[in-house]
>>> print(open('start10.csv').read())   # CSV, C-alpha atoms
chain,number,residue,atom,x,y,z
W,1,MET,CA,181.6,95.0,-94.7
W,2,SER,CA,182.9,92.4,-92.3
W,3,PHE,CA,181.4,89.5,-90.4
W,4,ASP,CA,182.8,89.1,-86.9
W,5,PRO,CA,182.3,85.8,-85.1
W,6,TYR,CA,180.4,85.9,-81.9
W,7,ILE,CA,180.9,82.8,-79.8
W,8,HIS,CA,179.2,81.6,-76.6
W,9,PHE,CA,180.6,79.9,-73.5
W,10,THR,CA,179.2,78.2,-70.5
W,11,GLY,CA,181.0,80.1,-67.8
W,12,THR,CA,184.5,80.2,-69.4
W,13,CYS,CA,184.2,83.4,-71.5
W,14,ARG,CA,186.7,85.5,-69.5
W,15,THR,CA,189.3,82.8,-69.4
W,16,ALA,CA,188.9,81.9,-73.1
W,17,MET,CA,189.0,85.4,-74.3
W,18,THR,CA,192.0,86.3,-72.1
W,19,ALA,CA,193.8,83.2,-73.7
W,20,TYR,CA,192.8,84.4,-77.2
W,21,GLN,CA,194.3,87.8,-76.4
W,22,GLN,CA,197.5,86.2,-75.3
W,23,ILE,CA,197.6,84.2,-78.6
W,24,PHE,CA,196.5,86.9,-81.1
W,25,GLY,CA,197.2,90.1,-79.3
W,26,GLY,CA,194.7,93.0,-79.5
W,27,LYS,CA,192.6,95.0,-77.0
W,28,LEU,CA,190.1,93.1,-74.8
W,29,GLU,CA,187.0,94.5,-73.2
W,30,PHE,CA,184.4,92.8,-71.0
W,31,SER,CA,180.9,93.6,-69.6
W,32,ARG,CA,179.2,91.4,-67.1
W,33,TYR,CA,175.5,90.5,-67.0
W,34,GLY,CA,175.5,92.1,-63.5
W,35,ASP,CA,176.7,95.4,-65.0
W,36,ALA,CA,173.4,95.9,-66.8
W,37,PRO,CA,171.2,98.7,-65.3
W,38,ASP,CA,168.2,96.3,-65.2
W,39,ALA,CA,170.1,93.2,-64.1
W,40,THR,CA,168.1,90.6,-62.2
W,41,PRO,CA,169.3,89.6,-58.8
W,42,GLU,CA,170.6,86.4,-60.3
W,43,ALA,CA,172.6,88.4,-62.9
W,44,ARG,CA,173.9,90.9,-60.3
W,45,ALA,CA,175.3,87.9,-58.2
W,46,SER,CA,177.0,86.4,-61.3
W,47,ASP,CA,180.4,87.1,-62.8
W,48,LEU,CA,179.3,85.7,-66.1
W,49,ILE,CA,180.3,87.8,-69.2
W,50,MET,CA,177.4,89.4,-71.1
W,51,HIS,CA,179.8,90.7,-73.9
W,52,ALA,CA,183.5,90.5,-74.6
W,53,ALA,CA,185.3,92.1,-77.6
W,54,LEU,CA,188.8,91.3,-78.7
W,55,THR,CA,189.8,93.9,-81.3
W,56,LEU,CA,192.9,93.1,-83.4
W,57,GLY,CA,195.2,95.8,-84.8
W,58,ASP,CA,193.7,95.4,-88.3
W,59,GLY,CA,190.2,96.1,-87.0
W,60,ARG,CA,188.9,92.5,-87.0
W,61,MET,CA,187.0,91.5,-83.9
W,62,LEU,CA,186.3,88.3,-82.0
W,63,LEU,CA,183.1,88.7,-79.9
W,64,ALA,CA,181.8,86.4,-77.2
W,65,SER,CA,179.7,86.0,-74.1
W,66,ASP,CA,178.7,83.4,-71.6
W,67,PHE,CA,175.2,82.1,-71.8
W,68,PRO,CA,173.0,84.1,-69.4
W,69,PRO,CA,172.7,83.0,-65.8
W,70,GLY,CA,170.4,80.0,-65.6
W,71,PHE,CA,170.5,79.2,-69.3
W,72,PRO,CA,172.3,75.9,-70.0
W,73,GLY,CA,173.3,76.5,-73.7
W,74,ALA,CA,175.6,74.4,-75.8
W,75,PRO,CA,178.8,76.2,-76.8
W,76,GLN,CA,180.4,76.2,-80.2
W,77,GLN,CA,178.4,73.5,-82.0
W,78,ALA,CA,179.1,73.0,-85.7
W,79,VAL,CA,180.9,76.3,-86.3
W,80,SER,CA,184.6,76.9,-86.9
W,81,ILE,CA,186.5,80.2,-86.7
W,82,SER,CA,188.8,80.6,-89.6
W,83,HIS,CA,192.0,82.6,-89.2
W,84,ILE,CA,194.5,83.3,-92.0
W,85,ALA,CA,197.9,83.9,-90.5
W,86,PRO,CA,200.4,86.1,-92.4
W,87,SER,CA,202.8,83.2,-92.9
W,88,ALA,CA,203.1,79.4,-92.5
W,89,ASP,CA,205.4,79.8,-89.5
W,90,GLU,CA,203.0,82.2,-87.8
W,91,GLY,CA,200.1,79.8,-88.6
W,92,ARG,CA,202.0,77.0,-87.0
W,93,ARG,CA,202.6,79.1,-83.9
W,94,LEU,CA,199.0,80.0,-83.5
W,95,PHE,CA,197.8,76.5,-84.2
W,96,ASP,CA,200.1,75.0,-81.6
W,97,GLN,CA,198.9,77.5,-79.0
W,98,LEU,CA,195.2,76.8,-79.8
W,99,ALA,CA,195.9,73.1,-79.7
W,100,ASP,CA,197.4,73.2,-76.2
W,101,GLY,CA,195.0,71.3,-74.0
W,102,GLY,CA,192.6,70.8,-77.0
W,103,VAL,CA,192.0,68.2,-79.7
W,104,VAL,CA,193.7,68.3,-83.1
W,105,VAL,CA,191.1,67.5,-85.8
W,106,MET,CA,193.6,67.9,-88.7
W,107,ASP,CA,197.3,68.6,-88.0
W,108,TYR,CA,198.8,71.8,-89.4
W,109,ALA,CA,200.6,70.9,-92.6
W,110,ALA,CA,201.1,72.1,-96.2
W,111,THR,CA,198.2,71.5,-98.5
W,112,PHE,CA,197.7,72.0,-102.3
W,113,TRP,CA,196.1,75.5,-101.5
W,114,SER,CA,198.3,76.7,-98.7
W,115,ASP,CA,201.7,76.3,-97.1
W,116,GLY,CA,199.9,75.5,-93.9
W,117,PHE,CA,196.5,74.5,-92.8
W,118,GLY,CA,195.1,72.8,-89.7
W,119,MET,CA,191.9,72.3,-87.7
W,120,VAL,CA,191.7,72.1,-83.9
W,121,LYS,CA,189.1,72.2,-81.1
W,122,ASP,CA,190.7,74.2,-78.3
W,123,ARG,CA,190.4,73.6,-74.6
W,124,PHE,CA,187.3,75.9,-74.4
W,125,GLY,CA,185.4,73.9,-77.1
W,126,THR,CA,186.0,76.5,-79.9
W,127,HIS,CA,186.7,75.0,-83.3
W,128,TRP,CA,189.5,76.8,-85.3
W,129,MET,CA,190.7,76.5,-88.9
W,130,VAL,CA,194.2,78.1,-89.1
W,131,SER,CA,195.7,78.7,-92.5
W,132,ALA,CA,198.7,80.4,-94.1
W,133,PRO,CA,197.8,82.6,-97.0
W,134,TRP,CA,196.0,80.9,-99.9
W,135,ARG,CA,198.1,80.1,-103.0
W,136,ALA,CA,196.8,79.0,-106.4
W,137,PRO,CA,197.5,75.4,-107.1
W,138,GLU,CA,200.2,74.8,-109.8
W,139,GLY,CA,198.9,75.0,-113.3
W,140,HIS,CA,196.1,77.4,-112.5
>>> encode(input="start10.csv", output="structure tokens")
Amino acid sequence: MSFDPYIHFTGTCRTAMTAYQQIFGGKLEFSRYGDAPDATPEARASDLIMHAALTLGDGRMLLASDFPPGFPGAPQQAVSISHIAPSADEGRRLFDQLADGGVVVMDYAATFWSDGFGMVKDRFGTHWMVSAPWRAPEGH
């Protein structure tokens, strides 16, 4: 069983998911609201994304959409996407790319549980927690 995050944007889904593909790799697919067989005239005139799927090589997925046409929505409120990188160096690379144009909440650094951990709100409003693999604290 897995839980795959599904995040929502206010018109920037295509740009955000394309950036995430550049950062993490993987296969990216899109469907627009206008592609639906029963799309309203407003949806048909829109380029907003109804569903996006970024599938990584290990099978994990990041899913997303824009809010439907005419729906204001509030993107990424009080949720963080946690990503465990295979190493501290790779975690730093990912963190720096996500932080480009965003806001660092907690800089990426060694902690008592990991050789690297940081929190950032990226330029699309998505909150991320990037970590190197967990390690048991000394003495445990």
>>> atom_distance(input="start10.csv", atom1="atom CA of W:Gly25", atom2="atom CA of W:Val103")
22.5 Å
>>> residues_near_point(input="start10.csv", point="(185.3, 86.9, -79.9)", cutoff="7 Å", atoms="all atoms listed in the file", output="PyMOL selection string")
chain W and resi 5-7+17+52-54+61-64
>>> residues_around(input="start10.csv", residues="W:Met50", least_positions_apart="2", cutoff="12 Å", atoms="only C-alpha atoms", output="MDAnalysis selection string")
chainID W and resid 6:14 29:36 39 43:44 46:48 52:53 63:69
>>> write_last_selection(input="start10.csv", atoms="C-alpha atoms", output="mmCIF file, keeping the file's coordinate frame")
data_model
loop_
_atom_site.group_PDB
_atom_site.id
_atom_site.type_symbol
_atom_site.label_atom_id
_atom_site.label_comp_id
_atom_site.auth_asym_id
_atom_site.auth_seq_id
_atom_site.Cartn_x
_atom_site.Cartn_y
_atom_site.Cartn_z
ATOM 1 C CA TYR W 6 180.400 85.900 -81.900
ATOM 2 C CA ILE W 7 180.900 82.800 -79.800
ATOM 3 C CA HIS W 8 179.200 81.600 -76.600
ATOM 4 C CA PHE W 9 180.600 79.900 -73.500
ATOM 5 C CA THR W 10 179.200 78.200 -70.500
ATOM 6 C CA GLY W 11 181.000 80.100 -67.800
ATOM 7 C CA THR W 12 184.500 80.200 -69.400
ATOM 8 C CA CYS W 13 184.200 83.400 -71.500
ATOM 9 C CA ARG W 14 186.700 85.500 -69.500
ATOM 10 C CA GLU W 29 187.000 94.500 -73.200
ATOM 11 C CA PHE W 30 184.400 92.800 -71.000
ATOM 12 C CA SER W 31 180.900 93.600 -69.600
ATOM 13 C CA ARG W 32 179.200 91.400 -67.100
ATOM 14 C CA TYR W 33 175.500 90.500 -67.000
ATOM 15 C CA GLY W 34 175.500 92.100 -63.500
ATOM 16 C CA ASP W 35 176.700 95.400 -65.000
ATOM 17 C CA ALA W 36 173.400 95.900 -66.800
ATOM 18 C CA ALA W 39 170.100 93.200 -64.100
ATOM 19 C CA ALA W 43 172.600 88.400 -62.900
ATOM 20 C CA ARG W 44 173.900 90.900 -60.300
ATOM 21 C CA SER W 46 177.000 86.400 -61.300
ATOM 22 C CA ASP W 47 180.400 87.100 -62.800
ATOM 23 C CA LEU W 48 179.300 85.700 -66.100
ATOM 24 C CA ALA W 52 183.500 90.500 -74.600
ATOM 25 C CA ALA W 53 185.300 92.100 -77.600
ATOM 26 C CA LEU W 63 183.100 88.700 -79.900
ATOM 27 C CA ALA W 64 181.800 86.400 -77.200
ATOM 28 C CA SER W 65 179.700 86.000 -74.100
ATOM 29 C CA ASP W 66 178.700 83.400 -71.600
ATOM 30 C CA PHE W 67 175.200 82.100 -71.800
ATOM 31 C CA PRO W 68 173.000 84.100 -69.400
ATOM 32 C CA PRO W 69 172.700 83.000 -65.800
#
>>> closest_residue(input="start10.csv", among="W:Val120, W:Ser87, W:Leu98, W:Asp58", to="W:Gln22", atoms="only C-alpha atoms")
W:Leu98
>>> atom_distance(input="start10.csv", atom1="atom CA of W:Ala99", atom2="atom CA of W:Ser80")
13.9 Å
>>> closest_residue(input="start10.csv", among="W:Val104, W:Ala85, W:Pro41, W:Asp122", to="W:Tyr20", atoms="only C-alpha atoms")
W:Asp122
>>> decode(input="start10.csv", residues="stretch 4-138 of chain W", atoms="C-alpha atoms", output="compact mmCIF listing (two decimals), in the first residue's frame")
# COMPACT_ATOMS: atom_id res chain seq x y z
CA ASP W 4 0.62 9.33 -3.10
CA PRO W 5 0.28 13.08 -2.51
CA TYR W 6 -2.25 14.94 -4.63
CA ILE W 7 -1.65 18.68 -4.67
CA HIS W 8 -3.71 21.51 -6.13
CA PHE W 9 -2.69 24.69 -7.91
CA THR W 10 -4.41 27.86 -9.03
CA GLY W 11 -3.37 27.80 -12.69
CA THR W 12 0.29 26.78 -12.34
CA CYS W 13 -0.04 22.98 -12.32
CA ARG W 14 1.61 22.41 -15.72
CA THR W 15 4.56 24.69 -14.87
CA ALA W 16 5.00 23.26 -11.36
CA MET W 17 4.80 19.62 -12.39
CA THR W 18 7.20 20.22 -15.29
CA ALA W 19 9.65 21.77 -12.81
CA TYR W 20 9.22 18.79 -10.46
CA GLN W 21 9.95 16.43 -13.35
CA GLN W 22 13.16 18.36 -14.07
CA ILE W 23 14.15 18.08 -10.38
CA PHE W 24 13.12 14.47 -9.63
CA GLY W 25 13.03 12.87 -13.09
CA GLY W 26 10.25 10.43 -13.99
CA LYS W 27 7.43 10.28 -16.52
CA LEU W 28 4.90 13.13 -16.60
CA GLU W 29 1.36 12.97 -18.01
CA PHE W 30 -1.37 15.64 -18.18
CA SER W 31 -5.12 15.80 -18.82
CA ARG W 32 -6.90 19.13 -19.20
CA TYR W 33 -10.40 19.92 -17.93
CA GLY W 34 -11.25 20.68 -21.56
CA ASP W 35 -10.34 17.09 -22.53
CA ALA W 36 -13.29 15.64 -20.57
CA PRO W 37 -16.09 14.34 -22.85
CA ASP W 38 -18.69 16.28 -20.85
CA ALA W 39 -16.60 19.45 -20.43
CA THR W 40 -18.52 22.66 -19.97
CA PRO W 41 -17.88 25.50 -22.44
CA GLU W 42 -15.82 27.22 -19.72
CA ALA W 43 -13.70 24.08 -19.24
CA ARG W 44 -13.24 23.56 -23.01
CA ALA W 45 -11.89 27.12 -23.29
CA SER W 46 -9.42 26.55 -20.46
CA ASP W 47 -5.89 25.14 -20.45
CA LEU W 48 -6.17 24.28 -16.74
CA ILE W 49 -4.97 20.82 -15.74
CA MET W 50 -7.59 18.36 -14.47
CA HIS W 51 -5.03 15.68 -13.60
CA ALA W 52 -1.25 15.39 -13.72
CA ALA W 53 0.82 12.35 -12.74
CA LEU W 54 4.58 12.32 -12.24
CA THR W 55 5.67 8.69 -11.91
CA LEU W 56 9.17 8.07 -10.55
CA GLY W 57 11.30 5.07 -11.43
CA ASP W 58 10.52 3.36 -8.11
CA GLY W 59 6.76 3.58 -8.74
CA ARG W 60 6.04 6.47 -6.38
CA MET W 61 3.79 9.16 -7.81
CA LEU W 62 3.18 12.85 -7.31
CA LEU W 63 -0.32 13.74 -8.47
CA ALA W 64 -1.77 17.20 -9.01
CA SER W 65 -4.35 19.40 -10.67
CA ASP W 66 -5.39 22.99 -11.03
CA PHE W 67 -8.59 23.93 -9.26
CA PRO W 68 -11.47 23.74 -11.78
CA PRO W 69 -12.24 26.77 -13.93
CA GLY W 70 -14.17 29.32 -11.88
CA PHE W 71 -13.20 27.75 -8.52
CA PRO W 72 -10.88 30.00 -6.50
CA GLY W 73 -9.30 27.37 -4.19
CA ALA W 74 -6.37 27.83 -1.83
CA PRO W 75 -3.31 25.79 -2.84
CA GLN W 76 -1.14 23.71 -0.49
CA GLN W 77 -2.36 24.89 2.89
CA ALA W 78 -0.87 23.15 5.97
CA VAL W 79 0.51 20.12 4.11
CA SER W 80 4.13 19.25 3.34
CA ILE W 81 5.41 16.66 0.89
CA SER W 82 8.15 14.60 2.46
CA HIS W 83 10.90 13.24 0.21
CA ILE W 84 13.70 11.00 1.46
CA ALA W 85 16.70 11.30 -0.83
CA PRO W 86 19.15 8.40 -1.18
CA SER W 87 22.02 10.47 0.29
CA ALA W 88 22.74 13.75 2.06
CA ASP W 89 24.36 15.17 -1.08
CA GLU W 90 21.34 14.29 -3.24
CA GLY W 91 19.06 15.75 -0.56
CA ARG W 92 21.02 19.01 -0.67
CA ARG W 93 20.75 19.13 -4.47
CA LEU W 94 16.99 18.57 -4.41
CA PHE W 95 16.48 21.04 -1.56
CA ASP W 96 18.45 23.77 -3.36
CA GLN W 97 16.44 23.29 -6.56
CA LEU W 98 13.12 23.38 -4.69
CA ALA W 99 14.26 26.48 -2.77
CA ASP W 100 15.12 28.39 -5.97
CA GLY W 101 12.58 31.22 -6.01
CA GLY W 102 10.90 29.88 -2.86
CA VAL W 103 11.19 30.48 0.88
CA VAL W 104 13.46 28.39 3.11
CA VAL W 105 11.59 27.44 6.28
CA MET W 106 14.47 25.42 7.79
CA ASP W 107 17.80 25.26 5.98
CA TYR W 108 19.08 21.85 4.92
CA ALA W 109 21.58 20.61 7.52
CA ALA W 110 22.54 17.56 9.57
CA THR W 111 20.23 16.71 12.45
CA PHE W 112 20.34 14.11 15.21
CA TRP W 113 18.19 11.76 13.07
CA SER W 114 19.64 12.36 9.59
CA ASP W 115 22.73 13.59 7.78
CA GLY W 116 20.50 16.15 6.09
CA PHE W 117 17.04 17.64 6.57
CA GLY W 118 15.38 20.87 5.46
CA MET W 119 11.98 22.45 4.88
CA VAL W 120 11.09 24.82 2.05
CA LYS W 121 8.03 26.43 0.45
CA ASP W 122 8.78 26.38 -3.28
CA ARG W 123 7.89 29.11 -5.79
CA PHE W 124 4.58 27.36 -6.54
CA GLY W 125 3.48 27.38 -2.89
CA THR W 126 4.18 23.69 -2.21
CA HIS W 127 5.77 22.89 1.14
CA TRP W 128 8.54 20.26 1.08
CA MET W 129 10.49 18.37 3.72
CA VAL W 130 13.65 16.93 2.17
CA SER W 131 15.67 14.43 4.15
CA ALA W 132 18.62 12.12 3.79
CA PRO W 133 17.95 8.59 5.06
CA TRP W 134 17.03 8.29 8.73
CA ARG W 135 19.70 7.12 11.12
CA ALA W 136 19.31 6.01 14.72
CA PRO W 137 20.62 8.56 17.23
CA GLU W 138 23.81 7.49 19.01
